[in-house]
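What follows is the content of coords17.cif (mmCIF, C-alpha atoms and all ligand atoms).
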data_entry
#
loop_
_atom_site.label_atom_id
_atom_site.label_comp_id
_atom_site.auth_asym_id
_atom_site.auth_seq_id
_atom_site.Cartn_x
_atom_site.Cartn_y
_atom_site.Cartn_z
CA MET A 1 -4.99 -12.41 32.18
CA LYS A 2 -7.98 -14.40 30.93
CA LEU A 3 -10.35 -13.79 28.07
CA THR A 4 -14.09 -13.65 28.70
CA ASN A 5 -16.86 -15.45 26.78
CA LYS A 6 -17.73 -12.06 25.29
CA ASP A 7 -14.17 -11.81 23.89
CA LYS A 8 -14.36 -15.31 22.45
CA ASN A 9 -17.77 -14.70 20.87
CA PHE A 10 -16.48 -11.46 19.34
CA TRP A 11 -13.51 -13.39 17.90
CA LYS A 12 -15.74 -16.11 16.43
CA LYS A 13 -18.07 -13.58 14.83
CA ASN A 14 -15.54 -11.05 13.57
CA GLY A 15 -12.22 -12.91 13.22
CA TYR A 16 -10.20 -10.49 15.36
CA LEU A 17 -9.79 -9.31 18.95
CA VAL A 18 -7.90 -6.49 20.68
CA VAL A 19 -6.51 -7.24 24.17
CA LYS A 20 -5.52 -4.10 26.03
CA ASN A 21 -2.42 -3.30 28.12
CA VAL A 22 -0.42 -6.47 27.63
CA LEU A 23 2.92 -4.63 27.57
CA ASN A 24 3.78 -1.51 29.55
CA GLU A 25 5.24 1.78 28.34
CA LYS A 26 8.81 0.84 29.34
CA GLN A 27 8.66 -2.48 27.48
CA CYS A 28 7.34 -0.73 24.33
CA GLN A 29 10.22 1.76 24.50
CA GLU A 30 12.76 -1.03 24.83
CA TYR A 31 11.38 -2.98 21.86
CA LYS A 32 11.39 0.15 19.69
CA LYS A 33 15.00 0.88 20.64
CA GLU A 34 15.99 -2.70 19.83
CA ALA A 35 14.23 -2.63 16.43
CA HIS A 36 16.14 0.53 15.50
CA ARG A 37 19.38 -1.08 16.64
CA VAL A 38 18.73 -4.05 14.32
CA ALA A 39 17.61 -1.89 11.38
CA GLY A 40 20.37 0.71 11.59
CA LYS A 41 19.80 3.14 8.73
CA ASN A 42 17.70 0.69 6.72
CA ILE A 43 14.30 1.59 8.21
CA THR A 44 11.97 -0.83 6.45
CA ILE A 45 10.02 -4.00 7.19
CA ILE A 46 12.04 -6.76 8.89
CA PRO A 47 10.68 -10.29 8.53
CA ASN A 48 11.77 -12.56 11.38
CA ILE A 49 13.52 -9.91 13.44
CA TYR A 50 13.71 -12.61 16.14
CA ARG A 51 16.61 -14.16 14.19
CA LYS A 52 18.60 -10.98 14.67
CA SER A 53 17.60 -10.18 18.22
CA LYS A 54 17.37 -12.25 21.40
CA LYS A 55 14.94 -9.68 22.78
CA PHE A 56 12.49 -10.31 19.97
CA LEU A 57 13.05 -14.06 20.22
CA ASN A 58 11.92 -13.73 23.83
CA LEU A 59 8.89 -11.74 22.70
CA CYS A 60 7.92 -14.66 20.43
CA LYS A 61 7.98 -16.81 23.60
CA ASN A 62 6.21 -14.25 25.81
CA LYS A 63 4.15 -16.28 28.29
CA LYS A 64 1.38 -13.73 28.69
CA ILE A 65 0.81 -13.45 24.92
CA LEU A 66 1.00 -17.19 24.27
CA GLN A 67 -1.36 -17.99 27.14
CA LEU A 68 -3.86 -15.50 25.73
CA ALA A 69 -3.47 -17.12 22.28
CA ASP A 70 -3.99 -20.62 23.72
CA ASN A 71 -7.02 -19.38 25.60
CA LEU A 72 -8.54 -17.70 22.53
CA ILE A 73 -7.99 -20.57 20.09
CA ASP A 74 -8.47 -23.26 22.71
CA HIS A 75 -5.30 -24.95 21.49
CA ARG A 76 -1.58 -24.74 22.25
CA MET A 77 -0.25 -22.13 19.81
CA ILE A 78 3.34 -22.29 18.56
CA PRO A 79 5.28 -19.28 17.24
CA ILE A 80 6.71 -19.80 13.73
CA GLY A 81 8.04 -16.33 12.89
CA ASP A 82 7.34 -12.63 12.97
CA ILE A 83 7.43 -9.48 10.86
CA PHE A 84 8.30 -6.02 12.18
CA PHE A 85 6.86 -2.84 10.63
CA PHE A 86 8.16 0.67 11.32
CA ALA A 87 5.28 2.20 9.30
CA LYS A 88 7.31 5.39 9.03
CA SER A 89 5.97 8.43 7.26
CA ASP A 90 8.17 10.50 4.89
CA THR A 91 9.84 7.43 3.34
CA ASN A 92 9.42 5.34 0.22
CA LYS A 93 10.90 2.30 1.97
CA GLU A 94 7.45 1.21 3.21
CA SER A 95 4.22 1.35 1.24
CA GLY A 96 1.42 0.06 3.49
CA SER A 97 -0.41 -3.08 2.39
CA VAL A 98 -3.14 -4.23 0.01
CA PRO A 99 -6.14 -6.31 1.13
CA HIS A 100 -4.96 -9.80 1.96
CA GLN A 101 -5.41 -12.89 4.09
CA ASP A 102 -2.22 -13.80 5.95
CA ASN A 103 -2.76 -17.52 5.51
CA TYR A 104 -1.89 -17.26 1.81
CA ALA A 105 1.78 -17.47 2.81
CA GLN A 106 1.49 -20.05 5.59
CA LYS A 107 -0.98 -22.28 3.69
CA ALA A 108 -2.19 -23.91 6.89
CA GLU A 109 -5.48 -25.73 7.36
CA TYR A 110 -8.43 -23.35 7.91
CA GLY A 111 -8.32 -21.96 11.45
CA ALA A 112 -4.83 -23.28 12.26
CA PHE A 113 -2.92 -20.05 11.62
CA VAL A 114 -3.35 -16.87 13.67
CA ALA A 115 -1.43 -13.59 13.65
CA CYS A 116 -0.89 -11.46 16.73
CA ALA A 117 0.06 -7.80 16.38
CA VAL A 118 1.95 -6.28 19.31
CA ALA A 119 1.73 -2.48 19.12
CA PHE A 120 4.68 -0.36 20.26
CA ASP A 121 3.09 2.93 19.13
CA ASP A 122 -0.56 3.98 19.20
CA ALA A 123 -2.15 2.85 15.93
CA LEU A 124 -4.67 5.45 14.78
CA GLU A 125 -6.39 6.24 11.51
CA GLU A 126 -3.92 9.12 11.13
CA ASN A 127 -0.82 6.89 11.09
CA GLY A 128 -2.33 4.12 9.00
CA ALA A 129 -3.97 1.78 11.54
CA LEU A 130 -5.01 -1.62 10.28
CA ARG A 131 -8.34 -1.93 8.44
CA VAL A 132 -10.30 -5.15 8.60
CA TYR A 133 -13.44 -6.65 7.06
CA PRO A 134 -15.18 -8.20 10.09
CA GLY A 135 -16.49 -11.69 9.43
CA SER A 136 -14.46 -12.12 6.21
CA HIS A 137 -12.53 -14.98 7.84
CA LYS A 138 -15.64 -17.11 7.30
CA LEU A 139 -15.18 -16.86 3.52
CA GLY A 140 -12.20 -19.25 3.50
CA GLU A 141 -9.61 -18.49 0.85
CA VAL A 142 -10.64 -15.75 -1.58
CA LYS A 143 -9.25 -15.00 -5.05
CA CYS A 144 -6.09 -12.96 -5.21
CA ASN A 145 -3.54 -11.42 -7.54
CA PRO A 146 -0.18 -11.57 -5.72
CA LYS A 147 2.74 -9.32 -6.63
CA PRO A 148 6.26 -9.16 -5.15
CA ASN A 149 6.26 -7.65 -1.65
CA PHE A 150 9.91 -6.60 -1.39
CA VAL A 151 12.80 -5.15 -3.37
CA MET A 152 16.07 -6.80 -2.35
CA ASN A 153 19.70 -6.00 -3.02
CA LYS A 154 22.21 -8.50 -4.40
CA LYS A 155 22.90 -9.80 -0.89
CA GLY A 156 19.21 -10.60 -0.44
CA GLN A 157 18.63 -7.75 2.05
CA ILE A 158 15.29 -5.96 1.86
CA ILE A 159 15.89 -2.39 0.76
CA LYS A 160 12.31 -1.44 0.10
CA ALA A 161 8.87 -2.84 0.91
CA LEU A 162 6.21 -2.68 -1.80
CA PRO A 163 2.53 -2.86 -0.80
CA ILE A 164 2.44 -5.98 1.36
CA GLY A 165 -0.03 -8.82 0.82
CA ASN A 166 -1.52 -10.97 -1.92
CA ASN A 167 -3.96 -8.33 -3.18
CA CYS A 168 -7.15 -10.30 -2.70
CA VAL A 169 -10.60 -9.52 -3.95
CA VAL A 170 -12.86 -8.02 -1.27
CA PRO A 171 -16.30 -9.48 -1.98
CA LYS A 172 -18.97 -6.83 -2.69
CA LYS A 173 -20.98 -7.48 0.45
CA PHE A 174 -17.91 -6.84 2.62
CA LYS A 175 -16.77 -3.60 1.01
CA ASN A 176 -18.92 -1.35 3.18
CA LYS A 177 -17.94 -3.25 6.34
CA GLU A 178 -14.36 -1.89 6.32
CA THR A 179 -13.44 -1.11 9.94
CA ILE A 180 -10.40 0.79 11.21
CA VAL A 181 -9.01 -0.96 14.27
CA GLU A 182 -7.28 1.61 16.43
CA PHE A 183 -5.28 0.46 19.43
CA LYS A 184 -2.80 1.81 21.96
CA LYS A 185 0.84 0.97 22.45
CA GLY A 186 1.08 -2.11 24.64
CA ASP A 187 -2.15 -3.58 23.25
CA ILE A 188 -2.15 -6.76 21.22
CA PHE A 189 -4.45 -7.69 18.38
CA PHE A 190 -5.20 -11.26 17.30
CA PHE A 191 -6.54 -11.96 13.86
CA HIS A 192 -7.61 -15.09 12.02
CA GLY A 193 -5.42 -16.24 9.11
CA HIS A 194 -8.35 -15.73 6.71
CA LEU A 195 -9.44 -12.28 7.90
CA ILE A 196 -9.11 -9.80 5.02
CA HIS A 197 -7.14 -6.75 6.19
CA TYR A 198 -4.78 -4.03 5.01
CA ALA A 199 -3.17 -0.80 6.21
CA LYS A 200 -2.74 2.52 4.41
CA LYS A 201 0.71 4.00 4.25
CA ASN A 202 1.50 6.29 7.18
CA ILE A 203 1.43 9.84 5.81
CA SER A 204 1.07 11.63 9.14
CA LYS A 205 3.25 14.67 9.76
CA LYS A 206 2.77 14.35 13.53
CA LEU A 207 2.89 10.58 14.13
CA LYS A 208 6.08 9.62 12.32
CA PHE A 209 5.91 5.91 13.18
CA ARG A 210 3.42 3.13 13.84
CA ARG A 211 5.83 0.44 15.02
CA VAL A 212 4.27 -2.98 15.38
CA ILE A 213 5.35 -6.61 15.21
CA TYR A 214 3.13 -9.40 13.95
CA LEU A 215 3.82 -12.72 15.66
CA LYS A 216 2.83 -15.74 13.60
CA LEU A 217 1.23 -18.61 15.48
CA ILE A 218 0.26 -22.10 14.39
CA LYS A 219 -1.86 -24.66 16.22
CA ASN A 220 0.42 -27.25 17.75
CA GLY A 221 0.56 -30.33 15.50
CA TYR A 222 -0.64 -28.57 12.34
CA ALA A 223 1.34 -28.23 9.12
CA PHE A 224 2.35 -24.94 7.48
CA TRP A 225 4.39 -23.97 4.45
CA PRO A 226 7.81 -22.56 5.53
CA GLY A 227 8.20 -20.35 2.44
CA TRP A 228 11.33 -20.13 0.29
CA SER A 229 12.40 -16.72 1.58
CA GLU A 230 11.06 -16.59 5.17
CA LYS A 231 11.85 -20.23 5.99
CA ARG A 232 9.36 -20.26 8.85
CA THR A 233 10.16 -22.76 11.54
CA LEU A 234 8.78 -23.93 14.89
CA ILE A 235 10.09 -21.80 17.78
CA ASP A 236 10.35 -23.57 21.14
CA ARG A 237 8.11 -21.88 23.72
CA ASP A 238 10.44 -23.04 26.52
CA ASP A 239 7.50 -23.37 28.90
CA PHE A 240 7.34 -27.11 29.03
CA LYS A 241 10.09 -29.03 30.75
CA SER A 242 10.08 -32.64 29.64
CA LYS A 243 11.39 -35.10 32.21
CA ILE A 244 14.75 -36.60 31.34
CA ILE A 245 14.46 -40.33 31.84
CA ARG A 246 17.68 -41.99 32.97
CA ASN A 247 17.97 -45.76 32.99
O1 LIG B 1 0.57 -2.97 9.97
C1 LIG B 1 0.66 -2.90 8.76
O2 LIG B 1 1.10 -1.90 8.21
C2 LIG B 1 0.19 -4.00 7.85
C3 LIG B 1 0.39 -5.35 8.39
C4 LIG B 1 -0.19 -6.43 7.58
O3 LIG B 1 -1.00 -6.23 6.74
C5 LIG B 1 0.25 -7.81 7.84
O4 LIG B 1 1.25 -8.02 8.53
O5 LIG B 1 -0.37 -8.74 7.36
#

For this file, produce the structure as structure tokens.
Amino acid sequence: MKLTNKDKNFWKKNGYLVVKNVLNEKQCQEYKKEAHRVAGKNITIIPNIYRKSKKFLNLCKNKKILQLADNLIDHRMIPIGDIFFFAKSDTNKESGSVPHQDNYAQKAEYGAFVACAVAFDDALEENGALRVYPGSHKLGEVKCNPKPNFVMNKKGQIIKALPIGNNCVVPKKFKNKETIVEFKKGDIFFFHGHLIHYAKKNISKKLKFRRVIYLKLIKNGYAFWPGWSEKRTLIDRDDFKSKIIRN
């Protein structure tokens, strides 16, 4: 799978790109089943599900996805974590998100951090698909008013997700550019660390879930802030065998 110049120009202009049919139906089913196994009855956002599941660790290393990322950014991209959303309706354990730029947490140099959503359910307006402000990545870091994202129990487990994100100011000239990005299960969606985006809470009666994982990718060789709670760390892609030199 290779991206075209049209794809790359779209990315540069808008700060996001959907790539269709990267995973098949069976794979999506398996990932959903695994996420429910990890969550048990606590159906809420799971940061770094890869630390609880070999299957998701392997998704972070997925060759097809990482090659597409390298191709898009024109740099070797290294996974540093993930976050899984069930986006379930009829629950107060998830609350959607407020406008934000993902790089506020990673604090990487401009352009070094990219997120990649992997959709396991169709994401439509009805079940709270992501909304973006095309071109807002060119603004750099915008003002924000962060609030806690999670409620945790005494053991530090997340029991409830509050509206996710750092609640940033959407500049006036971008407000009417809000675009709903719908995609199908199996599609992936790259977005720039400075692209302003958010998602409404899923309130659909018909589409009970919008399960999606966001893989977090950093340009090889670039610094990022690990974060006190997420403790992001470099994940080996396992696609590069260094020669063992024996004397
Ligand atoms: O898919 C969602 O509900 C929101 C995801 C999001 O805003 C994020 O991960 O930065």

query: So which one's closest to A:Glu141, A:Pro47, A:Gly156, A:Gly193, A:Gly227? Using only C-alpha atoms, please.
result: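 Among the listed residues, A:Gly193 lies closest to A:Glu141.
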
Sorted by chain and rising residue number, which residues of chain A lie within 6 Å of ligand LIG 1 (chain B), and what are their closest atom pairs and distances in Å to one decimal, counting all atoms listed in the file, as CSV?
residue,atom,partner,partner_atom,distance
A:Ala87,CA,B:LIG1,O2,6.0
A:Gly96,CA,B:LIG1,O2,5.1
A:Ser97,CA,B:LIG1,O3,5.4
A:Asp102,CA,B:LIG1,O5,5.6
A:Leu130,CA,B:LIG1,O1,5.7
A:Tyr198,CA,B:LIG1,O3,4.7
A:Ala199,CA,B:LIG1,O2,4.8
A:Tyr214,CA,B:LIG1,O4,5.9

- prompt: For A:Thr91, which residue out of A:Ile43, A:Phe224, A:Gly186, A:Val114 is the nearest one, using only C-alpha atoms?
  reply: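 Checking each candidate against A:Thr91, we get A:Ile43 as the closest.
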
statement: If you count only C-alpha atoms, the residue of A:Ile213, A:Ala35, A:Leu72, A:Val181 closest to A:Lys54 turns out to be A:Ala35

Best match for closeness to A:Asp70 among A:Asn145, A:Gly165, A:Lys2, A:Gly221, counting only C-alpha atoms: A:Lys2

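Our summary of the geometry notes that atom CA of A:Arg37 is positioned 12.9 Å from atom CA of A:Tyr50.
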
field: Within 9 Å of A:Asn48 using only C-alpha atoms, minus same-chain residues under 3 positions, as a ChimeraX atom specification
entry: /A:51-52,56,81-84,230,232

- prompt: Hey, can you check how far atom CA of A:Cys168 sits from atom CA of A:Leu234?
  reply: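 About the pair atom CA of A:Cys168 and atom CA of A:Leu234: they are 27.4 Å apart.
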
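Once A:Lys147 and its same-chain neighbours fewer than 2 positions away are set aside, Cys144, Asn145, Asn149, Phe150, Leu162, Pro163, Ile164, Gly165, Asn166 and Asn167 of chain A remain within 10 Å of it when counting all atoms listed in the file.
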
- request: Choose the residue, out of A:Pro171, A:Lys205, A:Gly111, A:Lys154, that has the smallest atom-to-atom separation from A:His75; count only C-alpha atoms.
  value: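 Among the listed residues, A:Gly111 lies closest to A:His75.
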
task: Work out how far apart atom CA of A:Ala105 and atom CA of A:Gly140 are and give it in Å to one decimal.
output: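 Here the two named atoms are 14.1 Å from each other.
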
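Nearest residue to A:Asp74 among A:Arg246, A:Lys208, A:Lys216, A:Lys8 is A:Lys8, counting all atoms listed in the file.
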
- request: With a distance cut-off of 10 Å and only C-alpha atoms, select the neighbouring residues of A:Ile203, excluding the residue or stretch itself and same-chain residues fewer than 3 positions from it, and output the selection as a PyMOL selection string.
  value: chain A and resi 87-91+126-128+200+206-209

query: Do you know which residues are at most 10 Å from A:Lys177 counting all atoms listed in the file, after dropping those on the same chain fewer than 5 positions away, and could you put them as number ranges by chain?
result: A: 131-136, 172

Show me the residues around (2.1, -6.4, 18.2) - criterion: an atom at most 10 Å away, only C-alpha atoms counted - as an mmCIF file with C-alpha atoms, in the coordinates of the input.
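So the final result, stored in point_18.cif, reads:
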data_model
loop_
_atom_site.group_PDB
_atom_site.id
_atom_site.type_symbol
_atom_site.label_atom_id
_atom_site.label_comp_id
_atom_site.auth_asym_id
_atom_site.auth_seq_id
_atom_site.Cartn_x
_atom_site.Cartn_y
_atom_site.Cartn_z
ATOM 1 C CA VAL A 22 -0.420 -6.470 27.630
ATOM 2 C CA LEU A 23 2.920 -4.630 27.570
ATOM 3 C CA CYS A 28 7.340 -0.730 24.330
ATOM 4 C CA LEU A 59 8.890 -11.740 22.700
ATOM 5 C CA ILE A 65 0.810 -13.450 24.920
ATOM 6 C CA ASP A 82 7.340 -12.630 12.970
ATOM 7 C CA ILE A 83 7.430 -9.480 10.860
ATOM 8 C CA PHE A 84 8.300 -6.020 12.180
ATOM 9 C CA PHE A 85 6.860 -2.840 10.630
ATOM 10 C CA ALA A 115 -1.430 -13.590 13.650
ATOM 11 C CA CYS A 116 -0.890 -11.460 16.730
ATOM 12 C CA ALA A 117 0.060 -7.800 16.380
ATOM 13 C CA VAL A 118 1.950 -6.280 19.310
ATOM 14 C CA ALA A 119 1.730 -2.480 19.120
ATOM 15 C CA PHE A 120 4.680 -0.360 20.260
ATOM 16 C CA ASP A 121 3.090 2.930 19.130
ATOM 17 C CA LYS A 185 0.840 0.970 22.450
ATOM 18 C CA GLY A 186 1.080 -2.110 24.640
ATOM 19 C CA ASP A 187 -2.150 -3.580 23.250
ATOM 20 C CA ILE A 188 -2.150 -6.760 21.220
ATOM 21 C CA PHE A 189 -4.450 -7.690 18.380
ATOM 22 C CA PHE A 190 -5.200 -11.260 17.300
ATOM 23 C CA ARG A 211 5.830 0.440 15.020
ATOM 24 C CA VAL A 212 4.270 -2.980 15.380
ATOM 25 C CA ILE A 213 5.350 -6.610 15.210
ATOM 26 C CA TYR A 214 3.130 -9.400 13.950
ATOM 27 C CA LEU A 215 3.820 -12.720 15.660
#

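Every residue within 12 Å of the file position (8.1, -26.2, 26.7), judged by only C-alpha atoms, is given as Lys61, Lys63, Leu66, Arg76, Met77, Ile78, Asn220, Ile235, Asp236, Arg237, Asp238, Asp239, Phe240, Lys241, Ser242 and Lys243 of chain A.
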
Atoms added to stretch 84-113 of chain A (N, CA and C atoms), reported as a PDB file, in the frame of the given file:
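Contents of out.pdb, as written:
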ATOM      1  N   PHE A  84       8.307  -7.322  11.496  1.00  0.00           N
ATOM      2  CA  PHE A  84       8.300  -6.020  12.180  1.00  0.00           C
ATOM      3  C   PHE A  84       8.076  -4.899  11.169  1.00  0.00           C
ATOM      4  N   PHE A  85       7.142  -4.008  11.480  1.00  0.00           N
ATOM      5  CA  PHE A  85       6.860  -2.840  10.630  1.00  0.00           C
ATOM      6  C   PHE A  85       7.231  -1.572  11.399  1.00  0.00           C
ATOM      7  N   PHE A  86       7.940  -0.653  10.730  1.00  0.00           N
ATOM      8  CA  PHE A  86       8.160   0.670  11.320  1.00  0.00           C
ATOM      9  C   PHE A  86       6.998   1.591  10.964  1.00  0.00           C
ATOM     10  N   ALA A  87       6.360   1.336   9.806  1.00  0.00           N
ATOM     11  CA  ALA A  87       5.280   2.200   9.300  1.00  0.00           C
ATOM     12  C   ALA A  87       5.657   3.674   9.495  1.00  0.00           C
ATOM     13  N   LYS A  88       6.770   4.038   8.881  1.00  0.00           N
ATOM     14  CA  LYS A  88       7.310   5.390   9.030  1.00  0.00           C
ATOM     15  C   LYS A  88       6.725   6.277   7.925  1.00  0.00           C
ATOM     16  N   SER A  89       6.413   7.500   8.292  1.00  0.00           N
ATOM     17  CA  SER A  89       5.970   8.430   7.260  1.00  0.00           C
ATOM     18  C   SER A  89       7.220   9.049   6.615  1.00  0.00           C
ATOM     19  N   ASP A  90       7.040   9.839   5.573  1.00  0.00           N
ATOM     20  CA  ASP A  90       8.170  10.500   4.890  1.00  0.00           C
ATOM     21  C   ASP A  90       9.232   9.505   4.401  1.00  0.00           C
ATOM     22  N   THR A  91       8.848   8.371   3.887  1.00  0.00           N
ATOM     23  CA  THR A  91       9.840   7.430   3.340  1.00  0.00           C
ATOM     24  C   THR A  91       9.176   6.642   2.212  1.00  0.00           C
ATOM     25  N   ASN A  92       9.990   6.220   1.253  1.00  0.00           N
ATOM     26  CA  ASN A  92       9.420   5.340   0.220  1.00  0.00           C
ATOM     27  C   ASN A  92       9.875   3.898   0.459  1.00  0.00           C
ATOM     28  N   LYS A  93      10.424   3.645   1.657  1.00  0.00           N
ATOM     29  CA  LYS A  93      10.900   2.300   1.970  1.00  0.00           C
ATOM     30  C   LYS A  93       9.792   1.408   2.539  1.00  0.00           C
ATOM     31  N   GLU A  94       8.625   1.985   2.801  1.00  0.00           N
ATOM     32  CA  GLU A  94       7.450   1.210   3.210  1.00  0.00           C
ATOM     33  C   GLU A  94       6.248   1.775   2.475  1.00  0.00           C
ATOM     34  N   SER A  95       5.305   0.911   2.120  1.00  0.00           N
ATOM     35  CA  SER A  95       4.220   1.350   1.240  1.00  0.00           C
ATOM     36  C   SER A  95       2.835   0.931   1.721  1.00  0.00           C
ATOM     37  N   GLY A  96       2.711   0.547   3.023  1.00  0.00           N
ATOM     38  CA  GLY A  96       1.420   0.060   3.490  1.00  0.00           C
ATOM     39  C   GLY A  96       1.160  -1.332   2.904  1.00  0.00           C
ATOM     40  N   SER A  97      -0.104  -1.747   2.928  1.00  0.00           N
ATOM     41  CA  SER A  97      -0.410  -3.080   2.390  1.00  0.00           C
ATOM     42  C   SER A  97      -1.687  -3.041   1.579  1.00  0.00           C
ATOM     43  N   VAL A  98      -1.909  -4.094   0.799  1.00  0.00           N
ATOM     44  CA  VAL A  98      -3.140  -4.230   0.010  1.00  0.00           C
ATOM     45  C   VAL A  98      -3.988  -5.306   0.689  1.00  0.00           C
ATOM     46  N   PRO A  99      -5.307  -5.317   0.434  1.00  0.00           N
ATOM     47  CA  PRO A  99      -6.140  -6.310   1.130  1.00  0.00           C
ATOM     48  C   PRO A  99      -5.588  -7.727   0.936  1.00  0.00           C
ATOM     49  N   HIS A 100      -5.479  -8.434   2.046  1.00  0.00           N
ATOM     50  CA  HIS A 100      -4.960  -9.800   1.960  1.00  0.00           C
ATOM     51  C   HIS A 100      -5.379 -10.628   3.165  1.00  0.00           C
ATOM     52  N   GLN A 101      -5.195 -11.941   2.992  1.00  0.00           N
ATOM     53  CA  GLN A 101      -5.410 -12.890   4.090  1.00  0.00           C
ATOM     54  C   GLN A 101      -4.038 -13.472   4.401  1.00  0.00           C
ATOM     55  N   ASP A 102      -3.598 -13.382   5.644  1.00  0.00           N
ATOM     56  CA  ASP A 102      -2.220 -13.800   5.950  1.00  0.00           C
ATOM     57  C   ASP A 102      -1.960 -15.273   5.643  1.00  0.00           C
ATOM     58  N   ASN A 103      -3.002 -16.095   5.692  1.00  0.00           N
ATOM     59  CA  ASN A 103      -2.760 -17.520   5.510  1.00  0.00           C
ATOM     60  C   ASN A 103      -2.269 -17.883   4.102  1.00  0.00           C
ATOM     61  N   TYR A 104      -2.343 -16.910   3.170  1.00  0.00           N
ATOM     62  CA  TYR A 104      -1.890 -17.260   1.810  1.00  0.00           C
ATOM     63  C   TYR A 104      -0.426 -17.673   1.825  1.00  0.00           C
ATOM     64  N   ALA A 105       0.358 -17.133   2.761  1.00  0.00           N
ATOM     65  CA  ALA A 105       1.780 -17.470   2.810  1.00  0.00           C
ATOM     66  C   ALA A 105       2.005 -18.763   3.614  1.00  0.00           C
ATOM     67  N   GLN A 106       1.270 -18.906   4.704  1.00  0.00           N
ATOM     68  CA  GLN A 106       1.490 -20.050   5.590  1.00  0.00           C
ATOM     69  C   GLN A 106       0.842 -21.346   5.083  1.00  0.00           C
ATOM     70  N   LYS A 107      -0.244 -21.150   4.302  1.00  0.00           N
ATOM     71  CA  LYS A 107      -0.980 -22.280   3.690  1.00  0.00           C
ATOM     72  C   LYS A 107      -1.355 -23.373   4.705  1.00  0.00           C
ATOM     73  N   ALA A 108      -1.799 -22.943   5.856  1.00  0.00           N
ATOM     74  CA  ALA A 108      -2.190 -23.910   6.890  1.00  0.00           C
ATOM     75  C   ALA A 108      -3.666 -24.277   6.706  1.00  0.00           C
ATOM     76  N   GLU A 109      -4.070 -25.330   7.386  1.00  0.00           N
ATOM     77  CA  GLU A 109      -5.480 -25.730   7.360  1.00  0.00           C
ATOM     78  C   GLU A 109      -6.335 -24.580   7.918  1.00  0.00           C
ATOM     79  N   TYR A 110      -7.559 -24.447   7.448  1.00  0.00           N
ATOM     80  CA  TYR A 110      -8.430 -23.350   7.910  1.00  0.00           C
ATOM     81  C   TYR A 110      -8.471 -23.304   9.455  1.00  0.00           C
ATOM     82  N   GLY A 111      -8.215 -22.147   9.995  1.00  0.00           N
ATOM     83  CA  GLY A 111      -8.320 -21.960  11.450  1.00  0.00           C
ATOM     84  C   GLY A 111      -7.048 -22.293  12.224  1.00  0.00           C
ATOM     85  N   ALA A 112      -6.034 -22.851  11.528  1.00  0.00           N
ATOM     86  CA  ALA A 112      -4.830 -23.280  12.260  1.00  0.00           C
ATOM     87  C   ALA A 112      -3.807 -22.151  12.411  1.00  0.00           C
ATOM     88  N   PHE A 113      -3.909 -21.129  11.565  1.00  0.00           N
ATOM     89  CA  PHE A 113      -2.920 -20.050  11.620  1.00  0.00           C
ATOM     90  C   PHE A 113      -3.554 -18.749  12.130  1.00  0.00           C
TER      91      PHE A 113
END
